[in-house]
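**Q** Structure supplied as run-v1.cif; contents: mmCIF, C-alpha atoms and all ligand atoms.
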data_my_file
loop_
_atom_site.label_atom_id
_atom_site.label_comp_id
_atom_site.auth_asym_id
_atom_site.auth_seq_id
_atom_site.Cartn_x
_atom_site.Cartn_y
_atom_site.Cartn_z
CA MET Z 1 115.01 190.86 77.19
CA LYS Z 2 113.78 188.20 74.80
CA MET Z 3 111.22 185.92 76.46
CA ALA Z 4 110.27 182.52 75.04
CA ARG Z 5 107.26 182.40 72.71
CA ARG Z 6 105.69 179.80 74.99
CA ILE Z 7 105.39 182.38 77.77
CA GLU Z 8 104.10 185.13 75.55
CA SER Z 9 101.31 182.97 74.17
CA LEU Z 10 100.09 181.78 77.59
CA PRO Z 11 96.94 183.27 79.06
CA PRO Z 12 97.25 184.36 82.72
CA TYR Z 13 96.19 181.56 85.09
CA LEU Z 14 92.43 181.90 85.64
CA PHE Z 15 92.54 182.17 89.41
CA VAL Z 16 95.31 184.74 89.49
CA GLU Z 17 92.96 187.16 87.71
CA ILE Z 18 90.11 186.36 90.07
CA ILE Z 19 92.29 186.80 93.16
CA ASN Z 20 93.52 190.15 91.80
CA LYS Z 21 89.94 191.35 91.38
CA ILE Z 22 89.01 190.28 94.90
CA ASN Z 23 92.11 191.99 96.33
CA GLU Z 24 91.31 195.23 94.48
CA LYS Z 25 87.83 195.31 96.04
CA ARG Z 26 89.12 194.43 99.48
CA ALA Z 27 91.80 197.13 99.26
CA LYS Z 28 88.94 199.63 98.79
CA GLY Z 29 87.44 198.37 102.04
CA GLU Z 30 84.62 196.41 100.36
CA GLU Z 31 83.64 193.04 101.78
CA VAL Z 32 83.71 190.36 99.11
CA ILE Z 33 82.21 186.89 99.49
CA SER Z 34 84.01 184.44 97.23
CA PHE Z 35 82.52 181.24 95.86
CA ALA Z 36 85.39 181.13 93.38
CA ILE Z 37 88.13 178.78 94.46
CA GLY Z 38 87.95 175.08 95.36
CA ASP Z 39 90.20 175.21 98.39
CA PRO Z 40 88.71 173.37 101.41
CA ASP Z 41 88.01 175.87 104.20
CA MET Z 42 88.14 173.24 106.96
CA PRO Z 43 91.50 172.44 108.56
CA THR Z 44 93.57 169.31 107.99
CA PRO Z 45 92.38 166.73 110.57
CA PRO Z 46 94.41 166.92 113.83
CA HIS Z 47 95.87 163.37 113.71
CA ILE Z 48 97.50 164.23 110.36
CA ILE Z 49 98.96 167.49 111.67
CA GLU Z 50 100.28 165.72 114.79
CA ARG Z 51 102.17 163.25 112.60
CA LEU Z 52 103.52 166.10 110.48
CA CYS Z 53 104.80 168.00 113.54
CA GLN Z 54 106.38 164.85 114.95
CA ALA Z 55 108.12 164.10 111.65
CA ALA Z 56 109.29 167.71 111.37
CA GLN Z 57 111.20 167.25 114.67
CA ASP Z 58 113.25 164.38 113.26
CA PRO Z 59 116.55 165.58 111.71
CA ALA Z 60 116.40 162.69 109.22
CA ASN Z 61 113.55 164.60 107.59
CA HIS Z 62 115.50 167.85 107.32
CA ARG Z 63 117.60 166.55 104.44
CA TYR Z 64 116.79 165.97 100.76
CA PRO Z 65 113.89 163.53 100.52
CA GLU Z 66 114.52 160.01 99.22
CA ALA Z 67 114.41 159.75 95.44
CA ALA Z 68 110.92 158.75 94.20
CA SER Z 69 109.66 159.25 97.81
CA LEU Z 70 109.52 157.03 100.90
CA PRO Z 71 108.74 153.39 100.05
CA GLU Z 72 106.27 153.44 102.99
CA LEU Z 73 104.31 156.21 101.26
CA ARG Z 74 104.18 154.33 97.96
CA GLN Z 75 102.98 151.25 99.86
CA ALA Z 76 100.36 153.30 101.73
CA ILE Z 77 99.04 154.61 98.39
CA ALA Z 78 98.93 151.09 96.91
CA LYS Z 79 97.06 149.79 99.99
CA TRP Z 80 94.62 152.70 99.85
CA TYR Z 81 93.82 151.95 96.20
CA LYS Z 82 93.28 148.27 97.06
CA LYS Z 83 91.00 149.08 99.96
CA ARG Z 84 89.05 151.91 98.29
CA PHE Z 85 88.78 150.63 94.69
CA ASP Z 86 89.98 147.01 94.83
CA VAL Z 87 92.76 147.97 92.41
CA SER Z 88 96.15 146.23 92.82
CA LEU Z 89 99.24 148.34 92.23
CA ASP Z 90 102.91 147.57 92.46
CA ALA Z 91 104.20 150.13 94.97
CA ASP Z 92 107.62 150.39 93.29
CA SER Z 93 106.73 150.70 89.63
CA GLU Z 94 103.07 151.74 89.48
CA VAL Z 95 102.90 154.48 92.13
CA LEU Z 96 104.61 157.86 92.19
CA PRO Z 97 103.94 160.57 94.79
CA LEU Z 98 103.73 164.13 93.46
CA ILE Z 99 104.03 167.67 94.80
CA GLY Z 100 100.27 167.89 94.38
CA ALA Z 101 98.42 166.47 91.38
CA LYS Z 102 98.87 169.78 89.53
CA GLU Z 103 102.62 169.32 89.44
CA GLY Z 104 102.34 165.87 87.85
CA ILE Z 105 99.64 167.01 85.42
CA ALA Z 106 101.90 169.84 84.27
CA HIS Z 107 105.00 167.67 83.91
CA ILE Z 108 103.47 164.63 82.24
CA ALA Z 109 103.10 166.59 79.00
CA LEU Z 110 106.91 166.47 78.78
CA CYS Z 111 106.70 162.66 78.65
CA PHE Z 112 104.41 162.61 75.60
CA ILE Z 113 104.27 165.88 73.76
CA ASP Z 114 106.85 166.93 71.20
CA PRO Z 115 106.35 170.17 69.26
CA GLU Z 116 103.07 170.11 67.26
CA ASP Z 117 101.83 166.90 68.93
CA ILE Z 118 98.16 166.73 69.86
CA ALA Z 119 96.57 166.08 73.25
CA LEU Z 120 92.80 165.55 73.44
CA VAL Z 121 91.52 167.86 76.15
CA PRO Z 122 87.97 168.34 77.47
CA ASP Z 123 86.33 171.76 77.17
CA PRO Z 124 85.48 173.07 79.73
CA ALA Z 125 88.28 171.72 81.92
CA TYR Z 126 90.82 172.35 84.63
CA PRO Z 127 93.14 174.70 82.69
CA VAL Z 128 96.38 172.80 83.38
CA PHE Z 129 95.56 170.02 80.87
CA SER Z 130 95.76 172.40 77.91
CA ILE Z 131 98.39 174.73 79.32
CA SER Z 132 100.85 171.89 80.00
CA THR Z 133 100.28 170.68 76.45
CA MET Z 134 101.08 174.15 75.11
CA LEU Z 135 104.11 174.57 77.36
CA ALA Z 136 105.51 171.37 75.85
CA GLY Z 137 104.97 172.85 72.35
CA GLY Z 138 101.90 170.76 71.55
CA LYS Z 139 98.34 171.57 70.58
CA PRO Z 140 95.20 170.77 72.52
CA TYR Z 141 92.31 169.38 70.47
CA TYR Z 142 89.20 170.26 72.46
CA MET Z 143 86.45 167.74 73.14
CA PRO Z 144 83.23 169.60 74.05
CA LEU Z 145 81.52 168.60 77.30
CA THR Z 146 77.84 169.38 76.93
CA MET Z 147 74.83 168.93 79.14
CA GLU Z 148 73.16 166.80 76.42
CA ASN Z 149 76.02 164.29 76.78
CA ASN Z 150 76.08 164.46 80.59
CA PHE Z 151 79.35 166.41 80.34
CA LEU Z 152 81.20 163.34 79.01
CA PRO Z 153 83.28 163.73 75.83
CA ASP Z 154 81.67 162.12 72.79
CA LEU Z 155 84.58 159.97 71.59
CA ASP Z 156 82.68 158.97 68.44
CA ILE Z 157 82.81 162.49 66.99
CA ILE Z 158 86.58 162.90 67.28
CA PRO Z 159 87.83 162.90 63.66
CA GLU Z 160 89.76 159.73 62.77
CA ASN Z 161 92.90 161.65 61.67
CA ILE Z 162 92.98 163.50 65.02
CA ALA Z 163 92.44 160.36 67.12
CA LYS Z 164 95.12 158.53 65.13
CA THR Z 165 97.77 161.20 65.61
CA ALA Z 166 96.93 162.32 69.17
CA LYS Z 167 99.31 161.11 71.86
CA LEU Z 168 97.25 161.66 74.97
CA LEU Z 169 93.64 161.93 76.11
CA TRP Z 170 92.70 163.81 79.29
CA ILE Z 171 89.57 163.05 81.32
CA ASN Z 172 88.54 164.15 84.81
CA TYR Z 173 85.68 162.64 86.90
CA PRO Z 174 84.16 163.70 89.26
CA ASN Z 175 84.60 166.71 87.04
CA ASN Z 176 85.83 170.19 87.65
CA PRO Z 177 84.10 172.51 86.73
CA THR Z 178 80.85 170.73 85.71
CA SER Z 179 80.71 168.34 88.73
CA ALA Z 180 79.62 165.54 86.34
CA VAL Z 181 80.46 161.95 87.23
CA ALA Z 182 81.42 158.98 85.06
CA ASP Z 183 80.68 155.27 85.47
CA LEU Z 184 82.72 152.18 84.62
CA ASP Z 185 80.97 151.75 81.27
CA PHE Z 186 82.34 155.10 80.17
CA PHE Z 187 85.83 154.29 81.46
CA ASN Z 188 85.74 150.92 79.64
CA LYS Z 189 84.84 152.76 76.45
CA VAL Z 190 87.77 155.12 76.98
CA VAL Z 191 90.16 152.15 77.35
CA LYS Z 192 88.89 150.67 74.07
CA PHE Z 193 89.31 154.02 72.32
CA ALA Z 194 92.91 154.25 73.60
CA GLN Z 195 93.67 150.73 72.38
CA GLN Z 196 92.13 151.43 68.98
CA HIS Z 197 94.15 154.61 68.46
CA ASN Z 198 97.31 153.79 70.39
CA LEU Z 199 97.10 156.73 72.73
CA ALA Z 200 97.66 157.18 76.46
CA ILE Z 201 94.92 158.09 78.93
CA CYS Z 202 95.45 160.48 81.80
CA HIS Z 203 92.56 160.47 84.24
CA ASP Z 204 92.58 163.23 86.83
CA ALA Z 205 90.63 162.09 89.89
CA PRO Z 206 91.20 164.36 92.89
CA TYR Z 207 87.49 164.47 93.80
CA THR Z 208 86.63 160.75 94.17
CA GLU Z 209 86.29 161.13 97.94
CA VAL Z 210 84.08 164.22 97.89
CA ALA Z 211 80.67 162.69 97.18
CA PHE Z 212 77.11 163.01 98.43
CA ASP Z 213 73.91 161.07 99.15
CA GLY Z 214 75.89 157.82 99.55
CA TYR Z 215 77.31 157.96 96.01
CA ARG Z 216 80.78 156.35 95.64
CA PRO Z 217 82.73 157.50 92.55
CA VAL Z 218 84.71 154.82 90.70
CA SER Z 219 88.37 154.92 89.66
CA PHE Z 220 89.49 154.77 86.03
CA MET Z 221 91.93 152.09 87.18
CA GLN Z 222 88.94 149.77 87.77
CA ALA Z 223 88.21 149.66 84.04
CA ASP Z 224 89.28 146.52 82.13
CA GLY Z 225 92.76 147.08 80.72
CA ALA Z 226 93.13 150.58 82.23
CA LYS Z 227 96.64 149.88 83.45
CA GLU Z 228 97.76 148.94 79.93
CA VAL Z 229 96.80 152.34 78.54
CA GLY Z 230 96.86 154.93 81.24
CA VAL Z 231 97.40 156.50 84.60
CA GLU Z 232 95.28 158.21 87.21
CA PHE Z 233 96.23 161.36 89.08
CA HIS Z 234 94.98 161.68 92.63
CA SER Z 235 95.52 164.03 95.49
CA LEU Z 236 95.26 164.39 99.23
CA SER Z 237 94.26 168.04 98.75
CA LYS Z 238 90.50 167.67 98.65
CA SER Z 239 90.04 164.33 100.47
CA TYR Z 240 91.90 165.43 103.62
CA ASN Z 241 91.91 169.26 103.37
CA MET Z 242 95.60 169.24 102.54
CA THR Z 243 95.85 171.74 99.67
CA GLY Z 244 98.48 173.72 101.55
CA TRP Z 245 100.81 170.78 102.08
CA ARG Z 246 101.12 169.93 98.38
CA ILE Z 247 100.93 166.19 98.04
CA GLY Z 248 99.29 163.94 95.47
CA MET Z 249 100.10 160.87 93.39
CA VAL Z 250 99.95 159.25 90.00
CA VAL Z 251 99.26 155.53 89.66
CA GLY Z 252 98.91 153.03 86.83
CA ASN Z 253 100.89 152.13 83.75
CA PRO Z 254 104.52 151.50 84.84
CA LYS Z 255 106.01 152.89 81.62
CA ILE Z 256 104.18 156.19 82.06
CA VAL Z 257 104.87 156.33 85.81
CA GLY Z 258 108.56 155.63 85.11
CA ALA Z 259 108.75 158.33 82.43
CA LEU Z 260 107.22 160.90 84.77
CA ASN Z 261 109.67 159.88 87.47
CA THR Z 262 112.53 160.50 85.01
CA VAL Z 263 111.22 163.99 84.20
CA LYS Z 264 110.61 164.81 87.85
CA SER Z 265 113.94 163.55 89.13
CA ASN Z 266 115.60 166.00 86.74
CA ILE Z 267 113.44 168.90 87.86
CA ASP Z 268 112.48 168.62 91.54
CA SER Z 269 114.03 167.00 94.57
CA GLY Z 270 110.96 165.35 96.00
CA ILE Z 271 108.30 166.08 98.58
CA PRO Z 272 109.45 167.25 102.04
CA GLN Z 273 109.57 164.05 104.06
CA ALA Z 274 107.55 165.33 107.02
CA ILE Z 275 104.71 165.90 104.55
CA GLN Z 276 105.14 162.38 103.22
CA TYR Z 277 104.69 161.03 106.76
CA ALA Z 278 101.57 163.18 107.16
CA ALA Z 279 100.24 161.67 103.91
CA ILE Z 280 100.90 158.12 105.19
CA GLU Z 281 98.90 159.01 108.31
CA ALA Z 282 96.08 160.46 106.19
CA LEU Z 283 95.83 157.36 103.98
CA THR Z 284 96.21 154.73 106.69
CA GLY Z 285 94.64 156.49 109.72
CA PRO Z 286 90.97 156.98 110.60
CA GLN Z 287 88.84 157.88 107.58
CA ASP Z 288 85.74 159.23 109.33
CA CYS Z 289 86.84 162.81 108.61
CA ILE Z 290 85.88 162.26 104.94
CA GLN Z 291 82.23 161.54 105.79
CA GLN Z 292 82.15 164.43 108.24
CA HIS Z 293 83.41 166.89 105.62
CA ASN Z 294 81.08 165.51 102.97
CA ALA Z 295 78.07 165.97 105.27
CA ILE Z 296 79.00 169.65 105.60
CA TYR Z 297 79.52 170.08 101.83
CA GLN Z 298 76.22 168.32 101.14
CA ARG Z 299 74.33 170.71 103.42
CA ARG Z 300 76.01 173.67 101.72
CA ARG Z 301 75.30 172.18 98.29
CA ASP Z 302 71.57 172.04 99.05
CA LEU Z 303 71.50 175.64 100.30
CA VAL Z 304 73.43 176.90 97.26
CA VAL Z 305 71.37 174.96 94.69
CA ASP Z 306 68.08 176.04 96.30
CA MET Z 307 69.15 179.69 96.27
CA LEU Z 308 70.39 179.54 92.68
CA ASN Z 309 67.12 178.01 91.52
CA ASP Z 310 65.29 180.62 93.54
CA ILE Z 311 67.03 183.50 91.80
CA GLY Z 312 66.44 182.00 88.37
CA LEU Z 313 69.63 180.05 87.63
CA GLU Z 314 69.29 176.43 86.54
CA ALA Z 315 71.53 174.15 88.64
CA GLU Z 316 71.36 170.46 89.53
CA PRO Z 317 72.64 169.22 92.91
CA PRO Z 318 75.97 167.53 92.12
CA LYS Z 319 76.59 163.91 93.16
CA ALA Z 320 80.27 164.64 93.81
CA SER Z 321 83.04 167.28 93.65
CA LEU Z 322 83.18 170.63 95.41
CA TYR Z 323 81.27 172.58 92.77
CA VAL Z 324 77.87 173.67 91.58
CA TRP Z 325 77.73 174.36 87.82
CA ALA Z 326 74.90 176.77 87.13
CA LYS Z 327 73.43 178.23 83.95
CA VAL Z 328 73.61 182.02 83.85
CA PRO Z 329 70.32 183.90 83.42
CA GLU Z 330 69.26 184.72 79.87
CA GLY Z 331 70.80 187.82 78.40
CA TYR Z 332 74.16 187.50 80.14
CA THR Z 333 77.49 186.00 79.13
CA SER Z 334 79.27 184.21 81.95
CA ILE Z 335 81.69 187.11 82.39
CA GLU Z 336 78.92 189.72 82.35
CA PHE Z 337 77.00 187.76 84.96
CA ALA Z 338 80.06 187.23 87.21
CA ASN Z 339 80.91 190.95 86.93
CA ASP Z 340 77.34 191.93 87.69
CA LEU Z 341 77.31 189.83 90.87
CA LEU Z 342 80.65 191.28 91.95
CA GLU Z 343 79.68 194.88 91.27
CA GLN Z 344 76.09 194.71 92.56
CA VAL Z 345 76.45 192.51 95.64
CA GLY Z 346 80.16 191.77 96.14
CA VAL Z 347 79.84 188.03 95.38
CA VAL Z 348 82.51 186.25 93.35
CA VAL Z 349 81.70 183.27 91.13
CA THR Z 350 83.91 181.83 88.39
CA PRO Z 351 82.78 182.51 84.81
CA GLY Z 352 82.50 179.27 82.85
CA ILE Z 353 84.32 180.70 79.83
CA GLY Z 354 87.49 180.65 81.95
CA TYR Z 355 87.45 176.85 81.58
CA GLY Z 356 87.01 176.88 77.81
CA LYS Z 357 84.65 177.95 75.05
CA HIS Z 358 82.03 175.36 76.00
CA GLY Z 359 81.95 176.70 79.55
CA GLU Z 360 80.19 179.79 78.21
CA GLY Z 361 76.69 180.17 79.60
CA TYR Z 362 77.65 178.79 83.02
CA VAL Z 363 79.27 179.88 86.26
CA ARG Z 364 80.92 177.69 88.88
CA LEU Z 365 80.33 178.07 92.60
CA SER Z 366 82.58 176.32 95.07
CA LEU Z 367 81.24 174.81 98.30
CA THR Z 368 84.43 175.55 100.22
CA ILE Z 369 83.08 178.63 101.91
CA PRO Z 370 82.69 178.73 105.71
CA ASP Z 371 79.08 178.72 106.94
CA ALA Z 372 79.00 182.39 108.04
CA GLY Z 373 80.25 183.54 104.62
CA LEU Z 374 77.89 181.14 102.88
CA VAL Z 375 74.82 182.51 104.66
CA LYS Z 376 75.89 186.09 103.86
CA GLY Z 377 76.68 185.14 100.26
CA LEU Z 378 73.27 183.52 99.82
CA SER Z 379 71.44 186.52 101.22
CA ARG Z 380 73.42 188.76 98.86
CA LEU Z 381 72.33 186.55 95.95
CA ALA Z 382 68.74 187.06 97.07
CA GLY Z 383 69.47 190.80 97.19
CA TRP Z 384 70.77 190.63 93.59
CA ARG Z 385 67.47 189.03 92.52
CA ASP Z 386 65.40 191.68 94.32
CA THR Z 387 67.35 194.59 92.77
CA ARG Z 388 67.06 192.98 89.34
CA ASN Z 389 63.32 192.49 89.73
CA LYS Z 390 62.88 196.12 90.82
CA PHE Z 391 64.92 197.26 87.82
CA LYS Z 392 62.84 195.09 85.48
CA ALA Z 393 59.58 196.35 87.01
CA LYS Z 394 60.62 199.98 86.40
CA ARG Z 395 61.33 199.37 82.71
C1 LIG P 1 90.61 168.80 88.37
C2 LIG P 1 91.74 169.17 89.28
N1 LIG P 1 92.91 168.53 89.16
C3 LIG P 1 93.95 168.81 89.96
C4 LIG P 1 93.85 169.80 90.92
C5 LIG P 1 95.06 170.12 91.75
O1 LIG P 1 95.21 169.28 92.84
P1 LIG P 1 96.47 169.40 93.79
O2 LIG P 1 96.10 170.33 94.90
O3 LIG P 1 96.74 168.01 94.24
O4 LIG P 1 97.61 169.94 92.97
C6 LIG P 1 92.66 170.50 91.07
C7 LIG P 1 92.57 171.58 92.05
O5 LIG P 1 91.66 172.36 92.13
C8 LIG P 1 91.57 170.18 90.24
O6 LIG P 1 90.41 170.81 90.32
#
Please, can you express the file's structure as structure tokens?
Ligand SMILES: Cc1ncc(COP(=O)(O)O)c(C=O)c1O
**A**
Amino acid sequence: MKMARRIESLPPYLFVEIINKINEKRAKGEEVISFAIGDPDMPTPPHIIERLCQAAQDPANHRYPEAASLPELRQAIAKWYKKRFDVSLDADSEVLPLIGAKEGIAHIALCFIDPEDIALVPDPAYPVFSISTMLAGGKPYYMPLTMENNFLPDLDIIPENIAKTAKLLWINYPNNPTSAVADLDFFNKVVKFAQQHNLAICHDAPYTEVAFDGYRPVSFMQADGAKEVGVEFHSLSKSYNMTGWRIGMVVGNPKIVGALNTVKSNIDSGIPQAIQYAAIEALTGPQDCIQQHNAIYQRRRDLVVDMLNDIGLEAEPPKASLYVWAKVPEGYTSIEFANDLLEQVGVVVTPGIGYGKHGEGYVRLSLTIPDAGLVKGLSRLAGWRDTRNKFKAKR
């Protein structure tokens, strides 16, 4: 069998490796507490599920979905953007529902990237930005996200020849994995950079609704001229605990939205319609579930950050996102530290290096862990500190 080079050069997807490790331990009968994956543990709110079940009973929804999705869903997305961000979108040409944001992020590379083309990709980052670039035959040019720059890419240090030839620039705020946030000044700067260098902006924004202490993240689409240069990916996964239903959207520049629709209509046959009705309910129904979930994440955030600081890891309480980004103790790489926690106390965290070279020195902990597991996980972290201190004292 002769496989394509693009498959042979791909690294395994980060979380597949982590899940395999967890499963190995569990198969040996060991209890593992995982802070690894950002998959909301709370159920989809009941009113959304009721609508889904009702729509599933209707034979009209048993057939192929309408091309480019139900117009009512596109309108619901446009209305949600207007209400939440005061951004006006044309529901027919500037909105496209997706089978989860990940699907659109993966496919949009096919709209821009020819072999050897460059996409500017943050490092560390959600791995799909670079992998989709590589699958399309292109090359990621990595923009370091460092604490000194508040985990924003420094656009001024991108070499002129790279900026001039790049086709696409990826950004993601609130950020995974660093949990950093961006303001409108930064987004305005990004628009100017895109105009200067004639490149497209893809902003990935699935965490705008997961925010704490009253903070309200902004949308890239609020920046002056954003619609002329780019699009924003969004998702119902994290806002409404709908990761399992697979539904998201891309909004913004009609040329880009149209190109992605062309790619998609040749590859997939749409989102199951019952799920589209559930999404309409989520976006147009009561929104109090968002605050309720955020209050729970905020409480967990405080417990996790306090414990991490207590055991000697530097971590700031994030303003938004589902993650705590913590510095590993001195003397460890991120993989060594993650392995040590797993072996010593059965706790799984994600090593920062998995998100890129500049993720080294950090681990990511997700707040999507039910309270009972969280309490156990935290006491195991305390146990890790105590064993380490005993070991140090003996030396
Ligand atoms: C930054 C980022 N983008 C996109 C996604 C995927 O979202 P969806 O579930 O809508 O595919 C995730 C999921 O963890 C993410 O962290």
**Q** Give me, as JSON, numbers by chain, all polymer residues having an atom no more than 10 Å from region 307-311 of chain Z, counting only C-alpha atoms and skipping those fewer than 2 positions away in the same chain.
**A** {"Z": [301, 302, 303, 304, 305, 313, 314, 315, 316, 324, 326, 327, 328, 329, 378, 379, 381, 382, 383, 384, 385, 386, 388, 389]}
**Q** Enumerate residues in contact with ligand LIG 1 (chain P): an atom-to-atom distance of at most 7 Å, counting all atoms listed in the file. Format the result as a PDB file with C-alpha atoms, keeping the file's coordinate frame.
**A**
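Result saved to pocket-v4.pdb:
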ATOM      1  CA  GLY Z  38      87.950 175.080  95.360  1.00  0.00           C
ATOM      2  CA  GLY Z 100     100.270 167.890  94.380  1.00  0.00           C
ATOM      3  CA  ALA Z 101      98.420 166.470  91.380  1.00  0.00           C
ATOM      4  CA  LYS Z 102      98.870 169.780  89.530  1.00  0.00           C
ATOM      5  CA  GLU Z 103     102.620 169.320  89.440  1.00  0.00           C
ATOM      6  CA  TYR Z 126      90.820 172.350  84.630  1.00  0.00           C
ATOM      7  CA  ASN Z 172      88.540 164.150  84.810  1.00  0.00           C
ATOM      8  CA  ASN Z 175      84.600 166.710  87.040  1.00  0.00           C
ATOM      9  CA  ASN Z 176      85.830 170.190  87.650  1.00  0.00           C
ATOM     10  CA  ASP Z 204      92.580 163.230  86.830  1.00  0.00           C
ATOM     11  CA  ALA Z 205      90.630 162.090  89.890  1.00  0.00           C
ATOM     12  CA  PRO Z 206      91.200 164.360  92.890  1.00  0.00           C
ATOM     13  CA  HIS Z 234      94.980 161.680  92.630  1.00  0.00           C
ATOM     14  CA  SER Z 235      95.520 164.030  95.490  1.00  0.00           C
ATOM     15  CA  LEU Z 236      95.260 164.390  99.230  1.00  0.00           C
ATOM     16  CA  SER Z 237      94.260 168.040  98.750  1.00  0.00           C
ATOM     17  CA  THR Z 243      95.850 171.740  99.670  1.00  0.00           C
ATOM     18  CA  ARG Z 246     101.120 169.930  98.380  1.00  0.00           C
ATOM     19  CA  ILE Z 247     100.930 166.190  98.040  1.00  0.00           C
ATOM     20  CA  GLY Z 248      99.290 163.940  95.470  1.00  0.00           C
TER      21      GLY Z 248
END
**Q** Tell me, as a list in words, which residues lie within 10 Å of Thr165 (chain Z), counting all atoms listed in the file; anything in the same chain fewer than 4 positions away does not count.
**A** Asp117, Ile118, Ala119, Glu160, Asn161, His197, Asn198 and Leu199 of chain Z
**Q** If we count only C-alpha atoms, what is near Arg380 (chain Z) at a cut-off of 8 Å, once residues fewer than 4 positions away on the same chain are taken out, given as a list in words?
**A**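 After dropping sequence-adjacent residues, the list is Val345, Gly346, Val347, Lys376 and Trp384 of chain Z.
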**Q** Would you mind telling me which residue in Z:Cys111, Z:Ala338, Z:Ala180, Z:Ile271 lies nearest to Leu322 (chain Z) when using all atoms listed in the file?
**A**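 That would be Z:Ala180, the residue with the smallest distance to Leu322 (chain Z).
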**Q** For Gly104 (chain Z), which of Z:Lys357, Z:Phe129, Z:Ile296, Z:Arg216 is the closest residue, counting all atoms listed in the file?
**A**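 Looking at the shortest contact to Gly104 (chain Z), the residue is Z:Phe129.
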**Q** So which residues touch Leu10 (chain Z) within 9 Å, counting only C-alpha atoms, skipping near sequence neighbours fewer than 2 positions away, as a PyMOL selection string?
**A** chain Z and resi 5-8+12-13+131+134-135
**Q** Write a file for region 121-170 of chain Z, containing C-alpha atoms (output as a CSV table (one decimal), in the first residue's frame).
**A**
chain,number,residue,atom,x,y,z
Z,121,VAL,CA,-0.2,30.3,12.8
Z,122,PRO,CA,0.2,31.1,16.5
Z,123,ASP,CA,2.4,28.9,18.7
Z,124,PRO,CA,1.2,27.4,21.0
Z,125,ALA,CA,-2.2,26.9,19.4
Z,126,TYR,CA,-5.2,24.6,18.8
Z,127,PRO,CA,-3.4,22.0,16.5
Z,128,VAL,CA,-5.9,22.1,13.7
Z,129,PHE,CA,-4.7,25.5,12.4
Z,130,SER,CA,-1.3,24.1,11.4
Z,131,ILE,CA,-2.5,20.6,10.5
Z,132,SER,CA,-5.1,21.8,8.1
Z,133,THR,CA,-2.4,24.0,6.5
Z,134,MET,CA,-0.2,21.0,6.1
Z,135,LEU,CA,-3.0,18.8,4.8
Z,136,ALA,CA,-3.5,21.3,2.0
Z,137,GLY,CA,0.2,21.2,1.1
Z,138,GLY,CA,1.1,24.5,2.7
Z,139,LYS,CA,3.5,25.5,5.4
Z,140,PRO,CA,2.7,27.1,8.8
Z,141,TYR,CA,4.9,30.0,9.8
Z,142,TYR,CA,4.7,30.1,13.6
Z,143,MET,CA,4.1,33.3,15.5
Z,144,PRO,CA,5.3,32.8,19.1
Z,145,LEU,CA,2.8,33.6,21.9
Z,146,THR,CA,4.7,34.6,25.0
Z,147,MET,CA,3.8,35.7,28.4
Z,148,GLU,CA,5.8,39.0,27.9
Z,149,ASN,CA,3.4,39.8,25.0
Z,150,ASN,CA,0.3,38.7,26.9
Z,151,PHE,CA,0.1,35.7,24.6
Z,152,LEU,CA,-0.7,37.9,21.6
Z,153,PRO,CA,1.3,37.5,18.4
Z,154,ASP,CA,3.8,40.3,17.8
Z,155,LEU,CA,2.8,41.2,14.2
Z,156,ASP,CA,5.7,43.7,14.0
Z,157,ILE,CA,8.4,40.9,14.1
Z,158,ILE,CA,6.9,38.9,11.3
Z,159,PRO,CA,9.5,39.3,8.4
Z,160,GLU,CA,8.2,41.4,5.6
Z,161,ASN,CA,8.8,38.7,2.9
Z,162,ILE,CA,6.8,36.2,5.0
Z,163,ALA,CA,3.9,38.7,5.6
Z,164,LYS,CA,3.8,39.6,1.9
Z,165,THR,CA,3.6,36.0,0.7
Z,166,ALA,CA,1.4,34.5,3.4
Z,167,LYS,CA,-2.2,33.9,2.5
Z,168,LEU,CA,-3.8,33.5,5.9
Z,169,LEU,CA,-3.4,34.6,9.5
Z,170,TRP,CA,-4.9,32.5,12.3
